[in-house]
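Structure file coords_34.txt (compact mmCIF, C-alpha atoms and all ligand atoms) is printed below.
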# COMPACT_ATOMS: atom_id res chain seq x y z
CA MET A 18 0.00 0.00 0.00
CA LYS A 19 2.76 2.42 1.02
CA LYS A 20 4.62 1.64 -2.24
CA LYS A 21 1.52 2.39 -4.27
CA ILE A 22 1.07 5.76 -2.60
CA ILE A 23 4.73 6.66 -3.20
CA ALA A 24 4.44 5.61 -6.86
CA LEU A 25 1.29 7.68 -7.25
CA ALA A 26 2.90 10.69 -5.59
CA LEU A 27 5.91 10.37 -7.88
CA ALA A 28 3.70 10.20 -10.95
CA PHE A 29 1.88 13.31 -9.75
CA VAL A 30 5.10 15.27 -9.21
CA LEU A 31 6.33 14.26 -12.67
CA ALA A 32 3.09 15.31 -14.33
CA ALA A 33 3.15 18.65 -12.52
CA ALA A 34 6.74 19.22 -13.61
CA MET A 35 5.77 18.52 -17.21
CA LEU A 36 2.91 20.99 -17.07
CA SER A 37 4.95 23.76 -15.46
CA GLY A 38 7.89 24.52 -17.66
CA CYS A 39 8.71 21.31 -19.45
CA GLY A 40 7.06 21.40 -22.84
CA GLY A 41 6.46 18.50 -25.17
CA GLY A 42 9.32 16.10 -25.67
CA GLY A 43 10.86 17.01 -22.34
CA ALA A 44 11.85 20.52 -23.48
CA LYS A 45 12.28 23.22 -20.85
CA THR A 46 10.15 26.30 -21.54
CA TYR A 47 11.27 29.72 -20.30
CA LYS A 48 8.82 32.58 -19.96
CA VAL A 49 9.74 35.95 -21.37
CA GLY A 50 7.72 39.13 -20.77
CA VAL A 51 8.17 41.92 -23.31
CA SER A 52 6.43 45.30 -23.13
CA ILE A 53 6.71 47.76 -26.03
CA TYR A 54 5.99 51.45 -25.30
CA LYS A 55 3.29 51.38 -27.97
CA PHE A 56 2.55 49.03 -30.85
CA ASP A 57 1.54 51.90 -33.13
CA ASP A 58 5.13 52.96 -33.95
CA ASN A 59 6.74 52.16 -37.33
CA PHE A 60 10.21 51.47 -35.99
CA MET A 61 9.20 49.58 -32.84
CA THR A 62 6.95 47.34 -34.96
CA LEU A 63 9.94 46.19 -37.01
CA TYR A 64 11.91 45.77 -33.78
CA ARG A 65 9.14 43.81 -32.06
CA ASN A 66 8.63 41.41 -34.96
CA GLU A 67 12.37 40.74 -35.14
CA LEU A 68 12.51 40.10 -31.35
CA GLU A 69 9.81 37.51 -31.68
CA SER A 70 11.28 35.70 -34.67
CA TYR A 71 14.81 35.75 -33.25
CA PHE A 72 13.56 34.12 -30.02
CA LYS A 73 11.95 31.43 -32.20
CA SER A 74 15.22 30.89 -34.05
CA LYS A 75 16.99 30.33 -30.72
CA GLU A 76 14.74 27.44 -29.74
CA THR A 77 16.09 23.90 -29.73
CA ASP A 78 14.57 20.49 -29.05
CA SER A 79 15.32 20.96 -25.38
CA VAL A 80 14.75 24.74 -24.91
CA LYS A 81 11.61 26.73 -25.80
CA TYR A 82 10.72 30.37 -25.18
CA ASP A 83 7.20 31.37 -24.31
CA VAL A 84 7.29 35.04 -25.29
CA THR A 85 4.42 37.36 -24.31
CA ILE A 86 4.55 40.82 -25.92
CA THR A 87 2.25 43.52 -24.57
CA ASP A 88 1.31 46.97 -25.89
CA GLY A 89 2.14 49.76 -23.40
CA LYS A 90 -0.22 52.03 -25.40
CA GLY A 91 1.94 55.03 -24.58
CA ASP A 92 0.68 54.85 -20.99
CA MET A 93 3.16 54.36 -18.14
CA VAL A 94 0.43 53.24 -15.71
CA GLU A 95 -0.68 50.56 -18.17
CA GLN A 96 2.91 49.43 -18.70
CA THR A 97 3.57 49.25 -14.94
CA ASN A 98 0.53 46.97 -14.60
CA GLN A 99 1.93 44.77 -17.36
CA VAL A 100 5.21 44.47 -15.44
CA ASP A 101 3.24 43.53 -12.30
CA ASP A 102 1.43 40.86 -14.34
CA PHE A 103 4.73 39.51 -15.66
CA ILE A 104 6.00 39.26 -12.08
CA ALA A 105 2.80 37.51 -10.97
CA SER A 106 3.12 34.98 -13.79
CA LYS A 107 6.78 34.40 -12.80
CA VAL A 108 8.49 35.17 -16.09
CA ASP A 109 12.18 34.27 -16.20
CA VAL A 110 13.27 37.54 -17.80
CA MET A 111 11.75 40.80 -19.09
CA ILE A 112 12.53 43.04 -22.04
CA ILE A 113 11.11 46.51 -21.50
CA ASN A 114 10.78 49.41 -23.94
CA LEU A 115 9.78 52.06 -21.42
CA VAL A 116 6.91 54.43 -22.08
CA GLN A 117 8.75 56.98 -19.93
CA SER A 118 12.51 56.61 -19.52
CA SER A 119 12.21 58.48 -16.21
CA SER A 120 10.16 55.58 -14.78
CA ALA A 121 13.06 53.14 -15.14
CA ASP A 122 13.82 53.08 -11.44
CA THR A 123 10.23 52.26 -10.44
CA ILE A 124 10.37 49.25 -12.77
CA THR A 125 13.86 48.24 -11.62
CA GLN A 126 12.76 48.19 -7.97
CA LYS A 127 9.89 45.86 -8.89
CA VAL A 128 11.95 43.40 -10.94
CA LYS A 129 14.75 43.50 -8.36
CA ALA A 130 12.33 42.61 -5.55
CA ALA A 131 11.12 39.67 -7.66
CA ASN A 132 14.68 38.78 -8.76
CA ILE A 133 13.74 38.86 -12.45
CA PRO A 134 16.49 40.25 -14.71
CA CYS A 135 15.46 42.98 -17.14
CA VAL A 136 16.77 44.19 -20.49
CA TYR A 137 15.78 47.79 -21.24
CA ILE A 138 15.62 48.61 -24.93
CA ASN A 139 15.35 51.70 -27.16
CA ARG A 140 14.52 54.30 -24.47
CA GLU A 141 17.59 54.86 -22.40
CA PRO A 142 17.25 55.20 -18.62
CA SER A 143 19.52 57.70 -16.86
CA GLU A 144 23.04 56.60 -15.94
CA ASP A 145 22.11 56.70 -12.26
CA ASP A 146 19.08 54.50 -12.83
CA MET A 147 21.27 51.95 -14.60
CA LYS A 148 23.35 51.56 -11.43
CA ALA A 149 20.39 50.33 -9.38
CA TRP A 150 20.90 46.57 -9.90
CA GLU A 151 23.43 44.27 -11.56
CA LYS A 152 20.70 42.30 -13.38
CA ILE A 153 19.53 45.17 -15.59
CA CYS A 154 21.09 46.26 -18.85
CA TYR A 155 20.35 48.66 -21.70
CA VAL A 156 20.47 47.81 -25.40
CA GLY A 157 20.43 50.78 -27.72
CA ALA A 158 22.25 52.99 -30.13
CA ASP A 159 24.05 56.23 -29.27
CA ALA A 160 21.62 58.88 -30.48
CA ARG A 161 24.43 61.45 -30.75
CA GLN A 162 25.80 59.37 -33.62
CA SER A 163 22.48 59.39 -35.51
CA GLY A 164 22.18 63.17 -35.16
CA THR A 165 25.75 63.70 -36.32
CA TYR A 166 25.17 61.45 -39.35
CA GLN A 167 22.02 63.38 -40.30
CA GLY A 168 23.96 66.64 -40.15
CA GLU A 169 26.84 65.16 -42.14
CA ILE A 170 24.51 64.00 -44.92
CA ILE A 171 23.43 67.65 -45.32
CA ARG A 172 26.96 69.05 -44.79
CA ASP A 173 28.34 66.83 -47.55
CA LEU A 174 25.87 68.00 -50.22
CA PRO A 175 27.48 70.14 -52.98
CA ASP A 176 25.75 73.26 -51.58
CA ASN A 177 26.19 72.17 -47.92
CA GLY A 178 22.42 72.28 -47.52
CA ASP A 179 22.06 75.92 -48.54
CA VAL A 180 19.69 75.18 -51.38
CA ASP A 181 18.72 78.82 -52.11
CA GLY A 182 22.32 80.05 -51.85
CA ASP A 183 21.65 82.86 -49.36
CA GLY A 184 24.60 81.83 -47.19
CA VAL A 185 22.56 80.34 -44.33
CA VAL A 186 21.05 76.87 -43.89
CA ARG A 187 17.54 77.67 -42.66
CA TYR A 188 15.93 74.62 -41.20
CA VAL A 189 12.84 73.08 -39.67
CA MET A 190 13.29 70.53 -36.85
CA ILE A 191 10.51 68.00 -36.31
CA VAL A 192 11.23 66.53 -32.91
CA GLY A 193 10.20 63.07 -31.60
CA ASP A 194 9.21 62.78 -27.96
CA PRO A 195 11.42 65.28 -26.12
CA GLU A 196 11.44 63.10 -22.96
CA ASN A 197 13.51 60.63 -24.98
CA VAL A 198 17.30 61.14 -25.36
CA ASP A 199 17.01 59.97 -28.98
CA ALA A 200 14.98 63.11 -29.70
CA GLN A 201 17.19 65.42 -27.62
CA TYR A 202 20.47 64.25 -29.12
CA ARG A 203 19.28 64.01 -32.72
CA THR A 204 17.98 67.57 -32.49
CA GLU A 205 21.24 68.85 -31.03
CA PHE A 206 23.87 66.84 -32.90
CA SER A 207 22.40 67.14 -36.39
CA ILE A 208 22.86 70.90 -36.20
CA LYS A 209 26.20 70.64 -34.39
CA ALA A 210 27.60 68.73 -37.41
CA LEU A 211 26.79 71.79 -39.53
CA THR A 212 28.04 74.47 -37.14
CA ASP A 213 31.23 72.43 -36.44
CA ALA A 214 31.89 72.66 -40.18
CA GLY A 215 31.51 76.45 -40.03
CA ILE A 216 28.12 76.47 -41.75
CA ALA A 217 25.73 79.25 -40.69
CA VAL A 218 22.32 78.00 -39.60
CA ASP A 219 18.94 79.48 -38.74
CA ASN A 220 16.35 77.54 -36.76
CA LEU A 221 13.02 78.61 -38.27
CA PHE A 222 10.71 76.14 -36.57
CA GLU A 223 11.08 73.41 -33.95
CA GLN A 224 8.14 71.39 -32.61
CA ARG A 225 7.41 67.97 -31.17
CA GLY A 226 5.81 65.37 -33.42
CA ASP A 227 6.06 62.43 -30.98
CA TRP A 228 7.61 60.12 -33.62
CA ASP A 229 4.24 60.07 -35.37
CA GLN A 230 3.67 60.20 -39.15
CA ALA A 231 0.41 62.19 -39.03
CA LYS A 232 1.96 64.76 -36.70
CA GLY A 233 5.04 64.96 -38.92
CA GLN A 234 2.80 65.75 -41.87
CA GLU A 235 0.88 68.42 -39.97
CA LEU A 236 3.99 70.13 -38.57
CA ALA A 237 5.77 70.13 -41.95
CA ALA A 238 2.65 71.63 -43.54
CA ASN A 239 2.52 74.36 -40.88
CA ALA A 240 6.21 75.14 -41.26
CA LEU A 241 5.97 75.26 -45.06
CA ALA A 242 2.93 77.55 -44.87
CA GLN A 243 4.72 79.87 -42.44
CA PHE A 244 8.25 79.98 -43.89
CA GLY A 245 7.80 78.83 -47.52
CA ALA A 246 10.78 79.18 -49.83
CA SER A 247 13.18 80.21 -47.08
CA ILE A 248 13.27 76.61 -45.75
CA ASP A 249 16.38 74.77 -46.99
CA VAL A 250 16.19 71.60 -44.90
CA ILE A 251 13.60 69.67 -42.93
CA PHE A 252 15.21 67.51 -40.25
CA CYS A 253 12.96 64.82 -38.76
CA ASN A 254 14.07 62.91 -35.67
CA ASN A 255 12.71 59.74 -37.32
CA ASP A 256 11.55 58.39 -40.68
CA GLY A 257 7.94 58.00 -39.54
CA MET A 258 7.62 61.78 -39.27
CA ALA A 259 9.66 62.23 -42.47
CA MET A 260 7.12 60.05 -44.33
CA GLY A 261 4.50 62.58 -43.24
CA ALA A 262 6.75 65.50 -44.24
CA ILE A 263 7.09 64.08 -47.79
CA GLN A 264 3.33 64.47 -48.28
CA SER A 265 3.41 68.10 -47.13
CA ILE A 266 6.49 68.93 -49.22
CA LYS A 267 4.71 67.61 -52.31
CA ALA A 268 1.47 69.37 -51.40
CA ALA A 269 3.41 72.64 -51.10
CA GLY A 270 4.78 72.15 -54.63
CA ARG A 271 8.36 71.72 -53.44
CA THR A 272 10.82 69.12 -54.77
CA VAL A 273 13.35 67.32 -52.61
CA GLY A 274 16.86 67.61 -54.03
CA GLN A 275 15.92 70.68 -56.09
CA ASP A 276 14.54 73.28 -53.71
CA ILE A 277 14.51 71.54 -50.31
CA TYR A 278 16.23 68.70 -48.45
CA LEU A 279 14.71 66.15 -46.10
CA VAL A 280 16.42 63.74 -43.70
CA GLY A 281 15.16 61.22 -41.15
CA VAL A 282 16.49 58.40 -38.97
CA ASP A 283 15.72 54.63 -38.90
CA ALA A 284 15.94 53.50 -42.54
CA ILE A 285 12.51 51.89 -42.39
CA PRO A 286 11.73 50.25 -45.80
CA GLU A 287 9.39 53.12 -46.82
CA ALA A 288 12.21 55.63 -46.26
CA VAL A 289 14.71 53.59 -48.25
CA ASP A 290 12.17 53.50 -51.12
CA ALA A 291 11.65 57.27 -50.77
CA ILE A 292 15.41 57.88 -51.02
CA LYS A 293 15.59 55.73 -54.16
CA ALA A 294 12.64 57.64 -55.64
CA GLY A 295 14.31 60.97 -54.82
CA ASP A 296 11.64 62.02 -52.29
CA MET A 297 14.10 62.05 -49.40
CA THR A 298 17.74 63.16 -49.19
CA GLY A 299 18.89 60.55 -46.69
CA THR A 300 18.38 58.70 -43.45
CA VAL A 301 20.40 56.88 -40.81
CA LEU A 302 20.02 53.16 -40.25
CA ASN A 303 18.76 52.48 -36.73
CA ASP A 304 19.63 48.81 -36.71
CA HIS A 305 16.52 47.12 -35.30
CA VAL A 306 17.88 43.72 -36.33
CA GLY A 307 21.17 44.19 -34.47
CA GLN A 308 19.40 45.71 -31.46
CA SER A 309 16.71 43.05 -31.17
CA HIS A 310 19.24 40.23 -31.53
CA THR A 311 21.49 41.81 -28.90
CA ALA A 312 18.50 42.17 -26.55
CA VAL A 313 17.45 38.54 -27.01
CA ASP A 314 21.02 37.29 -26.56
CA ALA A 315 21.25 39.30 -23.31
CA ALA A 316 17.91 37.91 -22.09
CA ILE A 317 19.06 34.36 -22.80
CA LYS A 318 22.30 34.98 -20.89
CA TYR A 319 20.26 36.13 -17.90
CA ILE A 320 18.09 33.01 -18.21
CA ASN A 321 21.27 30.92 -18.14
CA GLY A 322 22.47 32.72 -15.02
CA GLN A 323 25.26 34.54 -16.85
CA SER A 324 26.11 38.18 -16.26
CA VAL A 325 25.60 40.88 -18.90
CA ASP A 326 27.37 44.24 -19.41
CA THR A 327 25.28 47.23 -18.31
CA TYR A 328 25.39 48.86 -21.75
CA LEU A 329 25.22 47.04 -25.09
CA TRP A 330 25.57 49.47 -28.01
CA VAL A 331 24.68 48.91 -31.64
CA ASN A 332 26.02 51.31 -34.30
CA TYR A 333 24.05 53.55 -36.65
CA GLN A 334 24.89 53.80 -40.37
CA LYS A 335 24.41 56.61 -42.89
CA VAL A 336 22.02 55.90 -45.76
CA ASP A 337 21.85 58.13 -48.84
CA LYS A 338 21.13 57.47 -52.47
C1 LIG B 401 13.23 55.62 -33.34
C2 LIG B 401 11.83 56.13 -33.54
C3 LIG B 401 10.90 55.50 -32.54
C4 LIG B 401 11.42 55.69 -31.14
C5 LIG B 401 10.56 55.02 -30.12
C6 LIG B 401 13.63 55.83 -31.91
O1 LIG B 401 14.91 55.31 -31.71
O2 LIG B 401 14.12 56.29 -34.19
O3 LIG B 401 11.37 55.85 -34.83
O4 LIG B 401 9.63 56.07 -32.67
O5 LIG B 401 12.74 55.20 -31.06
O6 LIG B 401 11.09 55.21 -28.83

Would you mind writing the file's structure down as structure tokens?
Amino acid sequence: MKKKIIALALAFVLAAAMLSGCGGGGAKTYKVGVSIYKFDDNFMTLYRNELESYFKSKETDSVKYDVTITDGKGDMVEQTNQVDDFIASKVDVMIINLVQSSSADTITQKVKAANIPCVYINREPSEDDMKAWEKICYVGADARQSGTYQGEIIRDLPDNGDVDGDGVVRYVMIVGDPENVDAQYRTEFSIKALTDAGIAVDNLFEQRGDWDQAKGQELAANALAQFGASIDVIFCNNDGMAMGAIQSIKAAGRTVGQDIYLVGVDAIPEAVDAIKAGDMTGTVLNDHVGQSHTAVDAAIKYINGQSVDTYLWVNYQKVDK
């Protein structure tokens, strides 16, 4: 009788183990919680899809990844709830694209208390916040580089960006989300590349477009209506907003490469097509493939109990015709 009970108990424990974590064929399944600041973002959609497929490609017969990706909907409260849910469901690791970079420490304190390592992506927390725990890291690209490359694309044009030849590069700056260092640095360093080369500049118009195509279109239309032919260059902090600006440039009867220049950042496929078609002067590759792979590799290291460097940088690359 005793033997029977022990055998039954053993069978029960085995079955429970198979249900919790060991998938079919004896594979071990690890849970990964990913939260993206909002799904409705051109660049982060490419990034998110690549994250998912790269996790798939890392699976083997004995290791599976159960990846849950949630939409932060641009709402930090919503995203914090998603992190709480990930903790409650005992994920093994998280990958978080913060809605608000300034909320990094709130999230770190939560994951630290639950001992769940976390890879921050795309929206860089402050240096201080990155010191809070050894099991957090940041995967991103140095936004100063992308700004500098944008400026250099304009600087290296035969007329150095001064399309009307009046001796000054008069520009419009369509800014992403100013809370984000990507927006701050791209705005600053694109212009610095011109002034460092001794080029005179005039900032005609600078407004936030929150990385959004429709806002980019509206702001470019406003700027073109207000400053017309005096605009030499429209700088957009990302390609999404530049895609909107193309519509407004055309609607205003202007022609990129002839009487105006337009640059973005990301090298999303639509922007690469626009450059080929002559509708855009250039962009800067924000390597979502390199960044997503680096983030997944870091997450897998955490899962395996390995340590990860605090900062993992991926380079930008200039893209012109
Ligand atoms: C990208 C933008 C994107 C933003 C989201 C930036 O690095 O260039 O296209 O909207 O990240 O945080």

Radius query 9 Å about (2.5, 69.0, -40.2), atoms used: all atoms listed in the file, as a tab-separated table (two decimals) with C-alpha atoms, in the frame of the given file:
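Once everything was written out, this is out_4.tsv:
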chain	number	residue	atom	x	y	z
A	191	ILE	CA	10.51	68.00	-36.31
A	226	GLY	CA	5.81	65.37	-33.42
A	230	GLN	CA	3.67	60.20	-39.15
A	231	ALA	CA	0.41	62.19	-39.03
A	232	LYS	CA	1.96	64.76	-36.70
A	233	GLY	CA	5.04	64.96	-38.92
A	234	GLN	CA	2.80	65.75	-41.87
A	235	GLU	CA	0.88	68.42	-39.97
A	236	LEU	CA	3.99	70.13	-38.57
A	237	ALA	CA	5.77	70.13	-41.95
A	238	ALA	CA	2.65	71.63	-43.54
A	239	ASN	CA	2.52	74.36	-40.88
A	240	ALA	CA	6.21	75.14	-41.26
A	241	LEU	CA	5.97	75.26	-45.06
A	258	MET	CA	7.62	61.78	-39.27
A	261	GLY	CA	4.50	62.58	-43.24
A	262	ALA	CA	6.75	65.50	-44.24
A	265	SER	CA	3.41	68.10	-47.13

Q: Grab me every residue within 6 Å of ligand LIG 401 (chain B), counting only C-alpha atoms and all ligand atoms, and send it over as an MDAnalysis selection string.
A: chainID A and resid 58 60 139:140 199 228 255 282:283

Generate the output file for the selected residues, C-alpha atoms, as a PDB file, keeping the file's coordinate frame.
ATOM      1  CA  ASP A  58       5.130  52.960 -33.950  1.00  0.00           C
ATOM      2  CA  PHE A  60      10.210  51.470 -35.990  1.00  0.00           C
ATOM      3  CA  ASN A 139      15.350  51.700 -27.160  1.00  0.00           C
ATOM      4  CA  ARG A 140      14.520  54.300 -24.470  1.00  0.00           C
ATOM      5  CA  ASP A 199      17.010  59.970 -28.980  1.00  0.00           C
ATOM      6  CA  TRP A 228       7.610  60.120 -33.620  1.00  0.00           C
ATOM      7  CA  ASN A 255      12.710  59.740 -37.320  1.00  0.00           C
ATOM      8  CA  VAL A 282      16.490  58.400 -38.970  1.00  0.00           C
ATOM      9  CA  ASP A 283      15.720  54.630 -38.900  1.00  0.00           C
TER      10      ASP A 283
END

Q) Of the residues A:Val306, A:Ile317, A:Val180, A:Leu279, which is the one nearest to Asn66 in chain A, using all atoms listed in the file? A)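 Nearest to Asn66 in chain A: A:Val306.
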
Q: Calculate how many Å separate CA of Ile285 in chain A from CA of Thr300 in chain A, rounding to one decimal.
A: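 Here the two named atoms are 9.1 Å from each other.
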
Q.
One decimal, in Å: what's the spacing between CA of Ile208 in chain A and CA of Asp146 in chain A?
A.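 Interatomic distance here is 28.8 Å.
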
Q) In Å, with one decimal, what is the gap from CA of Pro134 in chain A to CA of Trp330 in chain A? A)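 Going from CA of Pro134 in chain A over to CA of Trp330 in chain A covers 18.6 Å.
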
Q) Using all atoms listed in the file, what residues lie at most 6 Å away from (8.8, 68.6, -28.9) (file coordinates), given as a list in words? A) Val192, Asp194, Pro195, Gln224 and Arg225 of chain A

Q | Near-range 155-163 of chain A list (6 Å; all atoms listed in the file; drop same-chain fewer than 2 positions) as a ChimeraX atom specification | A | /A:136-139,165-166,199,202,206,328-332
